[in-house]
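For reference, data.tsv is printed below; it contains TSV, C-alpha atoms.
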```
chain	number	residue	atom	x	y	z
A	1	MET	CA	-8.63	6.13	-11.98
A	2	THR	CA	-7.48	9.70	-11.39
A	3	ALA	CA	-5.50	10.85	-14.43
A	4	ILE	CA	-6.66	12.25	-17.75
A	5	GLY	CA	-5.13	10.45	-20.71
A	6	VAL	CA	-3.93	12.35	-23.77
A	7	PHE	CA	-2.50	10.88	-26.96
A	8	ASP	CA	-1.16	11.93	-30.32
A	9	SER	CA	0.88	10.36	-33.08
A	10	GLY	CA	3.90	12.26	-31.82
A	11	ILE	CA	4.88	15.51	-30.21
A	12	GLY	CA	2.08	17.78	-31.45
A	13	GLY	CA	-0.44	16.72	-28.82
A	14	LEU	CA	1.76	18.27	-26.16
A	15	THR	CA	0.31	21.62	-27.27
A	16	VAL	CA	-3.07	20.30	-26.15
A	17	LEU	CA	-1.61	18.87	-22.94
A	18	LYS	CA	-0.14	22.28	-22.12
A	19	ALA	CA	-3.55	23.92	-22.52
A	20	LEU	CA	-5.13	21.24	-20.34
A	21	ARG	CA	-2.51	21.78	-17.64
A	22	GLU	CA	-3.13	25.55	-17.72
A	23	VAL	CA	-6.91	25.18	-17.47
A	24	LEU	CA	-6.84	22.21	-15.05
A	25	PRO	CA	-3.78	22.71	-12.79
A	26	GLY	CA	-5.05	20.26	-10.19
A	27	GLU	CA	-5.33	17.28	-12.54
A	28	SER	CA	-2.84	14.51	-13.29
A	29	PHE	CA	-2.08	13.63	-16.92
A	30	LEU	CA	-0.75	10.60	-18.78
A	31	TYR	CA	0.47	11.42	-22.29
A	32	LEU	CA	1.09	8.85	-25.03
A	33	GLY	CA	3.12	9.81	-28.08
A	34	ASP	CA	2.83	7.05	-30.70
A	35	THR	CA	6.20	7.94	-32.19
A	36	ALA	CA	6.85	4.44	-33.59
A	37	ARG	CA	3.90	4.79	-35.99
A	38	LEU	CA	4.21	8.48	-36.87
A	39	PRO	CA	2.77	10.05	-39.01
A	40	TYR	CA	-0.93	9.18	-38.93
A	41	GLY	CA	-1.87	11.64	-41.67
A	42	THR	CA	-0.68	9.37	-44.47
A	43	LYS	CA	-2.49	6.25	-43.19
A	44	SER	CA	-5.86	4.78	-44.22
A	45	PRO	CA	-8.97	5.34	-42.05
A	46	ARG	CA	-8.94	1.63	-41.16
A	47	THR	CA	-5.37	1.80	-39.88
A	48	ILE	CA	-5.99	5.06	-38.02
A	49	THR	CA	-9.05	3.53	-36.31
A	50	ARG	CA	-6.96	0.54	-35.21
A	51	TYR	CA	-4.25	2.81	-33.80
A	52	LEU	CA	-6.88	4.90	-32.00
A	53	GLN	CA	-8.43	1.85	-30.34
A	54	GLN	CA	-5.06	0.44	-29.31
A	55	ASN	CA	-3.93	3.75	-27.82
A	56	VAL	CA	-7.14	4.21	-25.85
A	57	SER	CA	-6.86	0.62	-24.58
A	58	PHE	CA	-3.30	1.29	-23.44
A	59	LEU	CA	-4.28	4.46	-21.59
A	60	LYS	CA	-7.16	2.64	-19.94
A	61	SER	CA	-4.76	-0.11	-18.84
A	62	VAL	CA	-2.54	2.40	-17.02
A	63	GLY	CA	-5.51	3.96	-15.23
A	64	VAL	CA	-7.13	6.99	-16.83
A	65	LYS	CA	-10.65	8.35	-16.24
A	66	ALA	CA	-11.01	10.08	-19.65
A	67	VAL	CA	-9.08	10.33	-22.91
A	68	VAL	CA	-8.33	13.41	-24.98
A	69	VAL	CA	-7.55	12.48	-28.58
A	70	ALA	CA	-5.02	15.24	-29.21
A	71	CYS	CA	-4.73	14.28	-32.86
A	72	ASN	CA	-6.93	15.69	-35.59
A	73	THR	CA	-6.37	12.71	-37.87
A	74	ALA	CA	-7.43	10.23	-35.18
A	75	SER	CA	-10.36	12.47	-34.24
A	76	THR	CA	-11.78	11.99	-37.75
A	77	VAL	CA	-12.53	8.29	-37.01
A	78	LEU	CA	-13.89	8.62	-33.47
A	79	LYS	CA	-17.44	7.70	-34.52
A	80	GLU	CA	-16.24	4.42	-36.04
A	81	ALA	CA	-14.17	3.31	-33.05
A	82	HIS	CA	-15.06	1.19	-30.01
A	83	LEU	CA	-13.55	2.91	-27.00
A	84	ASN	CA	-14.22	0.83	-23.89
A	85	GLY	CA	-16.83	3.13	-22.37
A	86	LEU	CA	-14.40	5.91	-21.42
A	87	PRO	CA	-15.30	9.58	-21.94
A	88	VAL	CA	-13.36	10.50	-25.09
A	89	TYR	CA	-12.80	14.01	-26.47
A	90	GLY	CA	-11.75	14.89	-30.01
A	91	VAL	CA	-10.28	18.16	-31.22
A	92	ILE	CA	-12.28	18.84	-34.37
A	93	GLU	CA	-15.61	20.12	-33.00
A	94	PRO	CA	-14.01	22.52	-30.47
A	95	GLY	CA	-11.78	23.89	-33.24
A	96	ALA	CA	-14.76	24.35	-35.56
A	97	ARG	CA	-16.75	26.20	-32.90
A	98	ALA	CA	-13.79	28.47	-32.10
A	99	ALA	CA	-13.33	29.28	-35.80
A	100	LEU	CA	-16.99	30.11	-36.30
A	101	ALA	CA	-16.89	32.41	-33.28
A	102	GLY	CA	-13.97	34.28	-34.85
A	103	THR	CA	-14.96	34.60	-38.50
A	104	HIS	CA	-16.66	37.69	-39.93
A	105	ALA	CA	-16.76	36.88	-43.64
A	106	GLY	CA	-17.61	33.20	-43.19
A	107	VAL	CA	-14.59	32.10	-45.25
A	108	ILE	CA	-12.52	29.65	-43.19
A	109	GLY	CA	-9.30	27.91	-44.16
A	110	VAL	CA	-8.23	24.54	-42.75
A	111	LEU	CA	-4.59	23.46	-42.71
A	112	ALA	CA	-4.45	19.73	-41.98
A	113	THR	CA	-2.96	16.36	-42.85
A	114	ARG	CA	-4.05	14.58	-46.02
A	115	ALA	CA	-6.15	12.11	-44.02
A	116	THR	CA	-7.99	14.89	-42.18
A	117	VAL	CA	-8.63	16.81	-45.41
A	118	HIS	CA	-9.85	13.67	-47.23
A	119	SER	CA	-12.21	12.87	-44.35
A	120	GLY	CA	-13.95	16.24	-44.72
A	121	ALA	CA	-14.38	16.25	-40.94
A	122	TYR	CA	-13.76	19.98	-40.44
A	123	GLU	CA	-16.00	20.98	-43.32
A	124	GLN	CA	-18.79	18.76	-41.97
A	125	ALA	CA	-18.38	20.13	-38.44
A	126	LEU	CA	-18.41	23.74	-39.67
A	127	LEU	CA	-21.39	23.30	-42.01
A	128	ALA	CA	-23.37	21.48	-39.34
A	129	ILE	CA	-23.29	24.66	-37.26
A	130	ARG	CA	-23.39	27.30	-40.03
A	131	SER	CA	-24.60	26.16	-43.44
A	132	ASP	CA	-23.44	29.23	-45.38
A	133	VAL	CA	-19.78	29.06	-44.41
A	134	HIS	CA	-17.20	28.59	-47.18
A	135	VAL	CA	-14.40	26.17	-46.26
A	136	VAL	CA	-11.02	26.11	-48.01
A	137	GLN	CA	-9.01	22.99	-47.10
A	138	GLN	CA	-5.28	22.62	-47.64
A	139	ALA	CA	-3.37	19.39	-47.04
A	140	CYS	CA	0.08	20.05	-45.50
A	141	PRO	CA	1.85	16.67	-45.37
A	142	LEU	CA	5.35	18.08	-44.84
A	143	LEU	CA	4.59	20.07	-41.68
A	144	VAL	CA	4.42	17.19	-39.17
A	145	PRO	CA	7.93	15.86	-39.96
A	146	LEU	CA	9.30	19.42	-39.91
A	147	VAL	CA	7.84	20.00	-36.44
A	148	GLU	CA	9.08	16.60	-35.21
A	149	GLU	CA	12.54	17.58	-36.51
A	150	GLY	CA	12.42	20.77	-34.44
A	151	TRP	CA	12.55	23.03	-37.51
A	152	ALA	CA	9.71	25.37	-36.53
A	153	HIS	CA	11.72	28.50	-37.38
A	154	ASP	CA	13.87	27.11	-40.16
A	155	PRO	CA	13.81	28.83	-43.59
A	156	VAL	CA	12.84	25.50	-45.15
A	157	THR	CA	9.66	25.44	-43.04
A	158	GLU	CA	8.82	29.02	-44.03
A	159	THR	CA	9.20	28.11	-47.70
A	160	VAL	CA	6.90	25.11	-47.32
A	161	LEU	CA	4.34	27.15	-45.37
A	162	HIS	CA	4.34	29.85	-48.05
A	163	ARG	CA	3.41	27.19	-50.62
A	164	TYR	CA	0.63	25.75	-48.44
A	165	LEU	CA	-0.84	29.15	-47.55
A	166	THR	CA	-1.15	30.31	-51.14
A	167	ALA	CA	-4.58	28.80	-51.89
A	168	PRO	CA	-6.28	29.81	-48.60
A	169	LEU	CA	-4.97	33.38	-48.83
A	170	GLU	CA	-6.01	33.68	-52.48
A	171	ALA	CA	-9.50	32.56	-51.39
A	172	HIS	CA	-9.56	35.51	-48.92
A	173	VAL	CA	-10.06	33.48	-45.75
A	174	ASP	CA	-10.41	35.56	-42.60
A	175	THR	CA	-9.86	32.61	-40.26
A	176	LEU	CA	-7.37	29.73	-40.42
A	177	ILE	CA	-7.80	26.53	-38.42
A	178	LEU	CA	-4.58	24.74	-37.50
A	179	GLY	CA	-6.14	21.34	-38.13
A	180	CYS	CA	-3.32	19.25	-36.70
A	181	THR	CA	-2.02	19.48	-33.14
A	182	HIS	CA	1.55	19.68	-34.43
A	183	TYR	CA	0.77	22.95	-36.18
A	184	PRO	CA	0.40	25.24	-33.10
A	185	VAL	CA	4.18	24.91	-32.76
A	186	LEU	CA	4.19	26.93	-36.02
A	187	LYS	CA	1.42	29.34	-34.99
A	188	ASP	CA	3.64	32.43	-34.74
A	189	VAL	CA	5.13	31.73	-38.17
A	190	VAL	CA	1.70	31.10	-39.72
A	191	GLN	CA	0.31	34.30	-38.18
A	192	LYS	CA	3.22	36.34	-39.48
A	193	MET	CA	2.81	34.97	-42.99
A	194	ALA	CA	-1.00	35.21	-42.99
A	195	GLY	CA	-1.02	38.78	-41.71
A	196	PRO	CA	-2.65	40.52	-38.76
A	197	THR	CA	-6.19	40.56	-40.16
A	198	ILE	CA	-6.50	36.76	-40.27
A	199	ARG	CA	-7.40	34.93	-37.08
A	200	VAL	CA	-5.37	31.74	-36.53
A	201	ILE	CA	-7.22	29.11	-34.50
A	202	ASP	CA	-6.07	26.01	-32.66
A	203	SER	CA	-8.51	23.94	-30.66
A	204	ALA	CA	-6.39	23.28	-27.57
A	205	HIS	CA	-7.89	25.78	-25.13
A	206	ALA	CA	-11.45	25.33	-26.45
A	207	LEU	CA	-11.11	21.61	-25.84
A	208	ALA	CA	-9.56	22.13	-22.40
A	209	TYR	CA	-12.50	24.27	-21.30
A	210	GLU	CA	-14.94	21.57	-22.44
A	211	VAL	CA	-13.15	18.98	-20.30
A	212	ALA	CA	-13.13	21.42	-17.38
A	213	ALA	CA	-16.89	21.97	-17.77
A	214	ASP	CA	-17.52	18.21	-17.62
A	215	ILE	CA	-15.41	17.92	-14.47
A	216	GLU	CA	-17.30	20.80	-12.87
A	217	ALA	CA	-20.61	19.18	-13.82
A	218	GLY	CA	-19.54	15.87	-12.28
A	219	ARG	CA	-19.46	13.91	-15.53
A	220	ILE	CA	-15.77	13.21	-14.84
A	221	PRO	CA	-14.50	12.90	-11.25
A	222	ALA	CA	-12.17	15.68	-10.18
A	223	ASN	CA	-8.67	14.93	-8.97
A	224	GLY	CA	-7.63	18.24	-7.45
A	225	ASP	CA	-4.38	17.03	-5.88
A	226	GLY	CA	-2.09	18.98	-8.18
A	227	GLY	CA	-0.95	15.78	-9.89
A	228	GLY	CA	1.96	15.46	-12.27
A	229	ILE	CA	2.59	14.68	-15.92
A	230	GLN	CA	3.76	11.25	-17.03
A	231	VAL	CA	4.81	10.76	-20.68
A	232	PHE	CA	4.88	7.49	-22.59
A	233	THR	CA	6.25	7.00	-26.11
A	234	THR	CA	6.14	3.95	-28.36
A	235	ASP	CA	9.71	4.59	-29.51
A	236	ILE	CA	12.67	6.13	-27.71
A	237	SER	CA	13.46	9.57	-29.08
A	238	PRO	CA	15.90	11.97	-27.37
A	239	SER	CA	14.72	14.76	-29.69
A	240	PHE	CA	11.14	14.17	-28.51
A	241	GLN	CA	12.23	14.66	-24.91
A	242	GLN	CA	14.12	17.86	-25.70
A	243	LEU	CA	11.43	19.45	-27.87
A	244	GLY	CA	8.61	18.12	-25.68
A	245	SER	CA	10.06	19.73	-22.58
A	246	HIS	CA	10.38	22.99	-24.49
A	247	ILE	CA	6.73	22.89	-25.66
A	248	LEU	CA	5.39	22.15	-22.16
A	249	ALA	CA	7.57	24.69	-20.34
A	250	PRO	CA	7.21	25.93	-17.64
A	251	HIS	CA	5.25	22.78	-16.76
A	252	ALA	CA	7.53	19.93	-15.72
A	253	ILE	CA	7.36	16.32	-16.91
A	254	ASP	CA	7.71	13.94	-13.98
A	255	SER	CA	8.67	10.79	-15.89
A	256	TRP	CA	9.29	9.37	-19.36
A	257	GLU	CA	8.56	5.72	-20.13
A	258	LEU	CA	8.47	3.41	-23.16
A	259	ALA	CA	4.96	2.15	-23.92
A	260	ASP	CA	4.39	-1.43	-25.09
A	261	ILE	CA	1.27	-1.39	-27.25
A	262	ARG	CA	0.28	-4.88	-28.31
A	263	GLY	CA	-1.70	-5.94	-31.33
A	264	ASP	CA	0.01	-3.91	-34.09
```
Full structure transcribed into structure tokens:
Amino acid sequence: MTAIGVFDSGIGGLTVLKALREVLPGESFLYLGDTARLPYGTKSPRTITRYLQQNVSFLKSVGVKAVVVACNTASTVLKEAHLNGLPVYGVIEPGARAALAGTHAGVIGVLATRATVHSGAYEQALLAIRSDVHVVQQACPLLVPLVEEGWAHDPVTETVLHRYLTAPLEAHVDTLILGCTHYPVLKDVVQKMAGPTIRVIDSAHALAYEVAADIEAGRIPANGDGGGIQVFTTDISPSFQQLGSHILAPHAIDSWELADIRGD
């Protein structure tokens, strides 16, 4: 097993894969976009846990040495899942640590899916490190389909974002966590609307450096052969290929394949 596996419900996890490629240029990656069952953020914890276990099993079957769960919603159920003994990395704790390193006032906003907000995972992770922090959570269920549609800079998306940002901005947050890996596609728009004094955080690079540290420490074997990127999806989507290539640029995708995940 030489590759690092990465999965998300759709295209958003490619923002994490890009950060991993930048931090670990010598590693090979296998990406799984579970496009047939998108979105995860509206599903129950039981269903999300089942999807998580099936996706990890698939990645293990195609030969990975570790799995990055590039999905905030799936990361909320990691503790409940049985994951075949592979090293598995979630995105919530790295994002929480990055936000706490950036806040001055201790007022942190979280933009996330309904499932992630209802889980309270970010609030728990933040309070476990700093008990006096004030967390303002905002569910943003319309953002994932807008990103998947490729409407990152559409006026409709800006209108929706304005509505979602109202409560966090009125609470005077000084830091905003993009609590879904689809949302970094909207980072420039969010930053513009939030203003220059608010720090906008995504967990991609923080997570990538944690994986790199484990490779350096020998907890995960290094590849080092400058391997490629192989992408699997559970449904064929030409728009995924077009937008996915744009997100990962200038890093090339070597192959696209349809994944057959049994047991759904």
Using all atoms listed in the file, find all polymer residues with an atom at most 8 Å away from the point (-0.9, 15.2, -25.4); report them as a VMD selection string.
-> chain A and resid 5 to 8 11 to 18 31 to 33 68 to 70
Å distance separating CA of Gly10 in chain A from CA of Thr35 in chain A, one decimal place = 4.9 Å
Within 10 Å of Leu165 in chain A, counting all atoms listed in the file, which residues qualify if same-chain residues fewer than 5 places away don't, as a ChimeraX atom specification?
-> /A:109-111,138,140,160,170,176,190,193-194
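Among the candidates A:Ala105, A:Ile4, A:Leu243, A:Val133, the one nearest to Val185 in chain A when counting only C-alpha atoms is A:Leu243.
Interatomic distance, CA of Asp235 in chain A to CA of Thr2 in chain A: 25.5 Å.
Using all atoms listed in the file for every distance, the candidate list A:His172, A:Pro250, A:Gly41, A:Gln53 yields A:Pro250 as the residue closest to Glu22 in chain A.
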Could you work out how far CA of Ala206 in chain A lies from CA of Arg46 in chain A, giving the answer in Å with one decimal?
-> 28.0 Å
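Of the listed residues (A:Ile247, A:Val135, A:Pro196, A:Ala3), A:Ala3 comes nearest to Lys60 in chain A; the distances count all atoms listed in the file.
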Rank nothing, just name the residue among A:Leu126, A:Leu30, A:Ala259, A:Ile48 nearest to Ser75 in chain A, using only C-alpha atoms.
-> A:Ile48
